[in-house]
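First the structure, in the form of structure tokens, and then the observations on it.
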Amino acid sequence: MIPLKIVKAERPEEGLTTIYLLENKEGIATLGLKPGERSFAESQLSGEKRIAVLNRLDYRLYLVLPDDKGNDVHKKEKLREAAYKLVKLLREYHETDLQVADRLKDSNFVLSFLEGLALSVYRFDKYLTGKNGKKDAVDPENILLISEHISEEDLSELAGVIRAVRYARDLVNEPVSWLNAVRLSEAFQKMGKKAGFRVEVFHKQKIESLRMGGLLAVNRGSIDPPTFTVMEWNPENAVNKKPVVLVGKGVVFDTGGLSLKPTKDSMDTMKSDMAGAAAVSAAIYALARNKIPCHVVGLVPATDNRPDGNAYAPGDVITMYDGTTVEVLNTDAEGRMILADALAYATQYAPELVIELSTLTGAAAIAIGKYGIVGMGTAPEEEFSVLGKSGEDVYERVVRFPFWDEYKELLKSDIADLKNIGGREAGAITAGKFLEHFTDYPYIHLDIAGPAFVQGENSWQGKGATGIGVRLLYDFLKKRCRV
Ligand code: BES
Ligand code: ZN
Ligand code: ZN
């Protein structure tokens with residue numbers, strides 16, 4: 001797949017397929033259409049319809065009339081949605097080269113539209129051979145943008161973020177037959193080289209010498225070694241003195257281990273169990289690529305989780321990196337085992353904030369589905385409200401769950417400091433409370449189990465991996481580190 005390229009142009013080109021972004025219906029009159037075309041466009045854009053297509057001899061005009069109801073968040077999302085619908089049409093008409101004429105009032109809006117276009121064009125076609133014809137699908141490739149609102153810098157920043165989301169989606173879509181823990185850490189190293197951030201990978205021996213008991217326990221059923229990756233973007237002009245640490249769950253495949261995933265279909269999408277890790281690395285990529293003055297550290301513990309002769313077993317007591325003992329009562333609650341070590345490792349940075357992203361619980365997905373991220377933690381109200389605002393802006397919405405200490409009761413073990421599962425109730429929250437035990441700093445836990453990987457395509461988030469979390473973290477940290 002060829003990524004979409006967007007460049008600025010001074011004036012529209014004659015005879016090229018054009019997308020007009022219109023502020024309102026009156027805008028149709030300003031396009032210099034022939035009378036027949038004009039009335040045809042007006043009739044197409046009646047009622048709820050937001051896109052009109054006009055056929056010229058060997059090119060087309062697409063008129064897009066965004067929904068003008070609601071607030072800015074709503075309008076931006078409507079523009080991304082319109083872009084998604086448009087991409088379907090553009091593919092039908094085999095449009096590869098086109099121009100976008102921005103006739104909107106506000107600069108933010110055209111960026112949302114372009115973002116929607118670029119995110120909708122993504123496909124994971126690495127394994128298509130062409131034999132079933134799917135590989136030949138035609139995507140939009142080159143866009144000329146005619147807009148008073150947008151600078152070259154805006155476009156370059158957008159390109160950096162889109163590239164990051166594509167990295168995240170590619171990693172999540174990649175099956176474990178290729179992407180084991182070592183290859184995941186190699187992918188981070190490549191991203192680090194490209195964008196200029198530091199990447200250090202701890203291999204098994206180092207992980208053993210650090211005594212990361214949680215990560216090593218989960219890895220015991222695997223024939224592939226674990227990795228622990230430390231990423232760092234610390235530009236000279238960084239605004240924050242203490243870093244923000246991002247932690248991502250890097251389970252490259254989750255079978256459940258000896259507590260093997262039981263129900264039909266429950267394992268099919270578990271290559272996506274490293275979506276938190278993908279989001280963390282890609283967000284740091286975008287921050288570095290766009291030179292955002294923010295000191296961030298990324299930590300990714302990675303392994304697969306499988307049953308085997310030596311696999312960790314229910315009943316085992318594991319001594320974690322920080323010395324806490326954990327009674328394992330379900331080996332499918334492996335995410336918290338490896339994340340606990342990473343969260344304890346983060347204490348050495350004395351971070352001003354730690355945000356951890358993970359496809360942690362089915363319970364989070366059951367609670368709110370693919371439409372949002374489940375958030376909770378110990379960070380001050382203000383942090384949650386700023387993160388919530390970013391979530392609305394980029395439409396990766398965070399819904400906050402309670403984090404009351406009563407939930408800790410459910411994690412008490414008779415023979416160890418903690419057990420690794422609560423009861424049937426409040427599964428997403430007890431997972432978060434388990435992780436809290438390993439933190440001593442302001443902490444936000446984001447459970448992305450619902451939106452990380454989606455089955456049917458119905459939006460710019462795509463089919464399969466969505467790359468959720470990348471734009472959220474980027475937007476949040478960019479605003480935090482504004483000079
Ligand atoms: N990776 C899963 C969570 C998951 C489920 C992510 C569905 C995406 C979609 C996680 O490791 C897991 O298996 N969690 C268990 C925890 C339970 C054993 C306490 C779960 O949610 O069932
Ligand atoms: Zn699991
Ligand atoms: Zn898992």
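In the structure tokens, the first chain shown is A, the next is B, and so on; residue numbers restart at 1 for each chain, and ligands run from 1 in the order shown.
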Do a neighbour search on Gly276 of chain A at 6 Å with only C-alpha atoms, toss out local chain neighbours closer than 4 positions, and write the hits as an mmCIF file with C-alpha atoms, in the first residue's frame.
```cif
data_model
loop_
_atom_site.group_PDB
_atom_site.id
_atom_site.type_symbol
_atom_site.label_atom_id
_atom_site.label_comp_id
_atom_site.auth_asym_id
_atom_site.auth_seq_id
_atom_site.Cartn_x
_atom_site.Cartn_y
_atom_site.Cartn_z
ATOM 1 C CA GLY A 248 2.681 -0.476 27.041
ATOM 2 C CA LYS A 249 1.587 -4.105 27.299
ATOM 3 C CA LEU A 357 -1.889 1.404 27.968
ATOM 4 C CA SER A 358 -2.955 -2.192 27.690
#
```
Which parts of segment 81-249 of chain A does DSSP call helix (DSSP H, G or I) when run on the backbone here, written out as a PyMOL selection string? chain A and resi 81-92+107-121+134-136+152-173+181-195+204-210+213-219
Set out as a Markdown table a contact list for segment 158-221 of chain A and segment 286-290 of chain A with a cut-off of 10 Å, giving each residue of segment 158-221 of chain A that qualifies its closest atom pair and distance in Å to one decimal, counting only C-alpha atoms, ordered by chain and rising residue number.
```
| residue | atom | partner | partner_atom | distance |
| --- | --- | --- | --- | --- |
| A:Leu158 | CA | A:Asn290 | CA | 9.1 |
| A:Ala159 | CA | A:Ala286 | CA | 9.2 |
| A:Gly160 | CA | A:Ala286 | CA | 5.6 |
| A:Val161 | CA | A:Ala286 | CA | 5.3 |
| A:Ile162 | CA | A:Ala286 | CA | 8.5 |
| A:Arg163 | CA | A:Ala286 | CA | 7.8 |
| A:Ala164 | CA | A:Ala286 | CA | 5.6 |
| A:Val165 | CA | A:Ala286 | CA | 8.7 |
| A:Met191 | CA | A:Arg289 | CA | 9.7 |
| A:Gly192 | CA | A:Ala288 | CA | 8.6 |
| A:Lys194 | CA | A:Arg289 | CA | 8.0 |
| A:Ala195 | CA | A:Arg289 | CA | 4.7 |
| A:Gly196 | CA | A:Ala288 | CA | 6.4 |
| A:Phe197 | CA | A:Ala288 | CA | 6.3 |
| A:Arg198 | CA | A:Ala288 | CA | 10.0 |
```
Mind writing the picked residues with C-alpha atoms as an mmCIF file, in the first residue's frame?
```
data_model
loop_
_atom_site.group_PDB
_atom_site.id
_atom_site.type_symbol
_atom_site.label_atom_id
_atom_site.label_comp_id
_atom_site.auth_asym_id
_atom_site.auth_seq_id
_atom_site.Cartn_x
_atom_site.Cartn_y
_atom_site.Cartn_z
ATOM 1 C CA LEU A 158 0.062 15.670 10.304
ATOM 2 C CA ALA A 159 2.250 13.401 8.172
ATOM 3 C CA GLY A 160 4.314 12.534 11.262
ATOM 4 C CA VAL A 161 1.246 11.569 13.263
ATOM 5 C CA ILE A 162 -0.263 9.553 10.404
ATOM 6 C CA ARG A 163 3.032 7.729 9.907
ATOM 7 C CA ALA A 164 3.014 6.893 13.612
ATOM 8 C CA VAL A 165 -0.537 5.522 13.498
ATOM 9 C CA MET A 191 11.471 3.580 14.666
ATOM 10 C CA GLY A 192 13.980 5.150 17.046
ATOM 11 C CA LYS A 194 14.009 7.040 11.907
ATOM 12 C CA ALA A 195 12.717 9.650 14.351
ATOM 13 C CA GLY A 196 15.824 10.175 16.488
ATOM 14 C CA PHE A 197 14.842 8.808 19.890
ATOM 15 C CA ARG A 198 16.960 6.494 22.054
#
```
Just the number, please: distance in Å from atom CA of Ala41 of chain A to atom CA of Val53 of chain A, one decimal.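 Result for atom CA of Ala41 of chain A versus atom CA of Val53 of chain A: 7.4 Å, one decimal.
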Using only C-alpha atoms, which residues sit within 6 Å of segment 466-476 of chain A once same-chain residues fewer than 6 positions away are excluded, as a list in words?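 Neighbouring residues, sequence-local ones excluded: Val165, Ala168, Arg169, Ala279, Ala283, Leu387, Ser390, Gly391, Ala452 and Phe453 of chain A.
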Which residues, written as a tab-separated table (two decimals) with all heavy atoms, in the first residue's frame, have at least one atom at most 9 Å from Leu90 of chain A, with only C-alpha atoms counted and residues fewer than 5 positions away on the same chain left out?
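And here is the file that came out, result_16.tsv:
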```
chain	number	residue	atom	x	y	z
A	85	LYS	N	-16.16	8.14	4.20
A	85	LYS	CA	-17.15	7.78	3.17
A	85	LYS	C	-16.63	8.14	1.78
A	85	LYS	O	-16.82	7.40	0.82
A	85	LYS	CB	-18.46	8.51	3.44
A	85	LYS	CG	-19.18	7.93	4.65
A	85	LYS	CD	-20.56	8.50	4.83
A	85	LYS	CE	-21.15	7.99	6.12
A	85	LYS	NZ	-21.81	9.04	6.89
A	95	GLU	N	-9.58	6.82	-8.14
A	95	GLU	CA	-8.90	8.12	-8.12
A	95	GLU	C	-7.57	7.97	-7.38
A	95	GLU	O	-7.57	7.63	-6.21
A	95	GLU	CB	-9.74	9.17	-7.36
A	95	GLU	CG	-11.20	9.22	-7.68
A	95	GLU	CD	-11.49	10.06	-8.91
A	95	GLU	OE1	-10.56	10.33	-9.69
A	95	GLU	OE2	-12.65	10.44	-9.09
A	96	THR	N	-6.48	8.25	-8.06
A	96	THR	CA	-5.20	8.22	-7.36
A	96	THR	C	-4.68	9.63	-7.10
A	96	THR	O	-4.07	9.90	-6.07
A	96	THR	CB	-4.15	7.46	-8.20
A	96	THR	OG1	-4.11	8.05	-9.50
A	96	THR	CG2	-4.47	5.98	-8.29
A	138	VAL	N	-7.30	0.07	-5.80
A	138	VAL	CA	-6.63	1.35	-6.03
A	138	VAL	C	-6.94	2.31	-4.89
A	138	VAL	O	-8.09	2.47	-4.50
A	138	VAL	CB	-7.09	1.96	-7.38
A	138	VAL	CG1	-6.45	3.31	-7.61
A	138	VAL	CG2	-6.78	1.00	-8.52
A	139	ASP	N	-5.90	2.94	-4.36
A	139	ASP	CA	-6.07	3.89	-3.27
A	139	ASP	C	-5.71	5.29	-3.74
A	139	ASP	O	-4.85	5.45	-4.61
A	139	ASP	CB	-5.12	3.55	-2.10
A	139	ASP	CG	-5.48	2.24	-1.45
A	139	ASP	OD1	-6.66	2.01	-1.19
A	139	ASP	OD2	-4.55	1.45	-1.21
A	140	PRO	N	-6.30	6.31	-3.14
A	140	PRO	CA	-5.81	7.67	-3.37
A	140	PRO	C	-4.33	7.77	-2.95
A	140	PRO	O	-3.96	7.21	-1.92
A	140	PRO	CB	-6.68	8.52	-2.45
A	140	PRO	CG	-7.83	7.68	-2.06
A	140	PRO	CD	-7.42	6.27	-2.20
```
Distance criterion (only C-alpha atoms): nearest to Asp170 of chain A out of A:Glu10, A:Asp106, A:Asp125, A:Asp67: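 Nearest candidate to Asp170 of chain A out of A:Glu10, A:Asp106, A:Asp125, A:Asp67: A:Asp125.
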For Ile373 of chain A, find every residue with an atom within 10 Å (counting only C-alpha atoms), except residues of its own chain fewer than 3 positions away, and show them as a list in words.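 Those residues are Leu357, Thr359, Ala364, Ala365, Ile368, Gly369, Lys370, Met376, Gly391, Glu396, Arg397, Val398, Val399, Arg400, His445, Leu446, Asp447, Ile448, Ala449, Gly450, Pro451, Ala452, Ile468 and Gly469 of chain A.
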Could you work out how far atom CA of Asn173 of chain A lies from atom 21 (O, counted along the ligand's line) of ligand 1, giving the answer in Å with one decimal?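 Atom CA of Asn173 of chain A lies 20.4 Å from atom 21 (O, counted along the ligand's line) of ligand 1.
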If you count only C-alpha atoms and all ligand atoms, which residues end up within 6 Å of ligand 3, as a ChimeraX atom specification? /A:254,273,334-335,360
Could you list, as a ChimeraX atom specification, every residue within 10 Å of Asn108 of chain A, counting only C-alpha atoms and ignoring same-chain residues fewer than 3 positions away? /A:72,76,104-105,111-113,149-150
Would you list the contacts of Gly427 of chain A as a ChimeraX atom specification, taking every protein, DNA or RNA residue within 12 Å and counting only C-alpha atoms, but skipping same-chain residues closer than 2 positions in sequence? /A:333,360-367,374,401,403,407-408,410-411,420-425,429-434,447
Suppose you want the space between atom CA of Ser39 of chain A and atom CA of Lys88 of chain A; what is it in Å?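 That distance, rounded to one decimal, is 24.3 Å.
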Could you write out, as a PyMOL selection string, all the residues of segment 203-378 of chain A that DSSP marks as strand (DSSP E or B)? chain A and resi 227-233+244-248+250-254+296-305+317-319+325-327+353-358+373-377
Which of these, A:Leu119, A:Ala83, A:Ala238, A:Ala465, has the shortest distance to Arg480 of chain A once you count only C-alpha atoms?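 Smallest separation from Arg480 of chain A among the options: A:Ala238.
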Out of A:Trp404, A:Gly70, A:Leu435, A:Glu381, which residue has the shortest atom-to-atom distance to Gly214 of chain A when counting only C-alpha atoms?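 Result for the nearest residue to Gly214 of chain A: A:Leu435.
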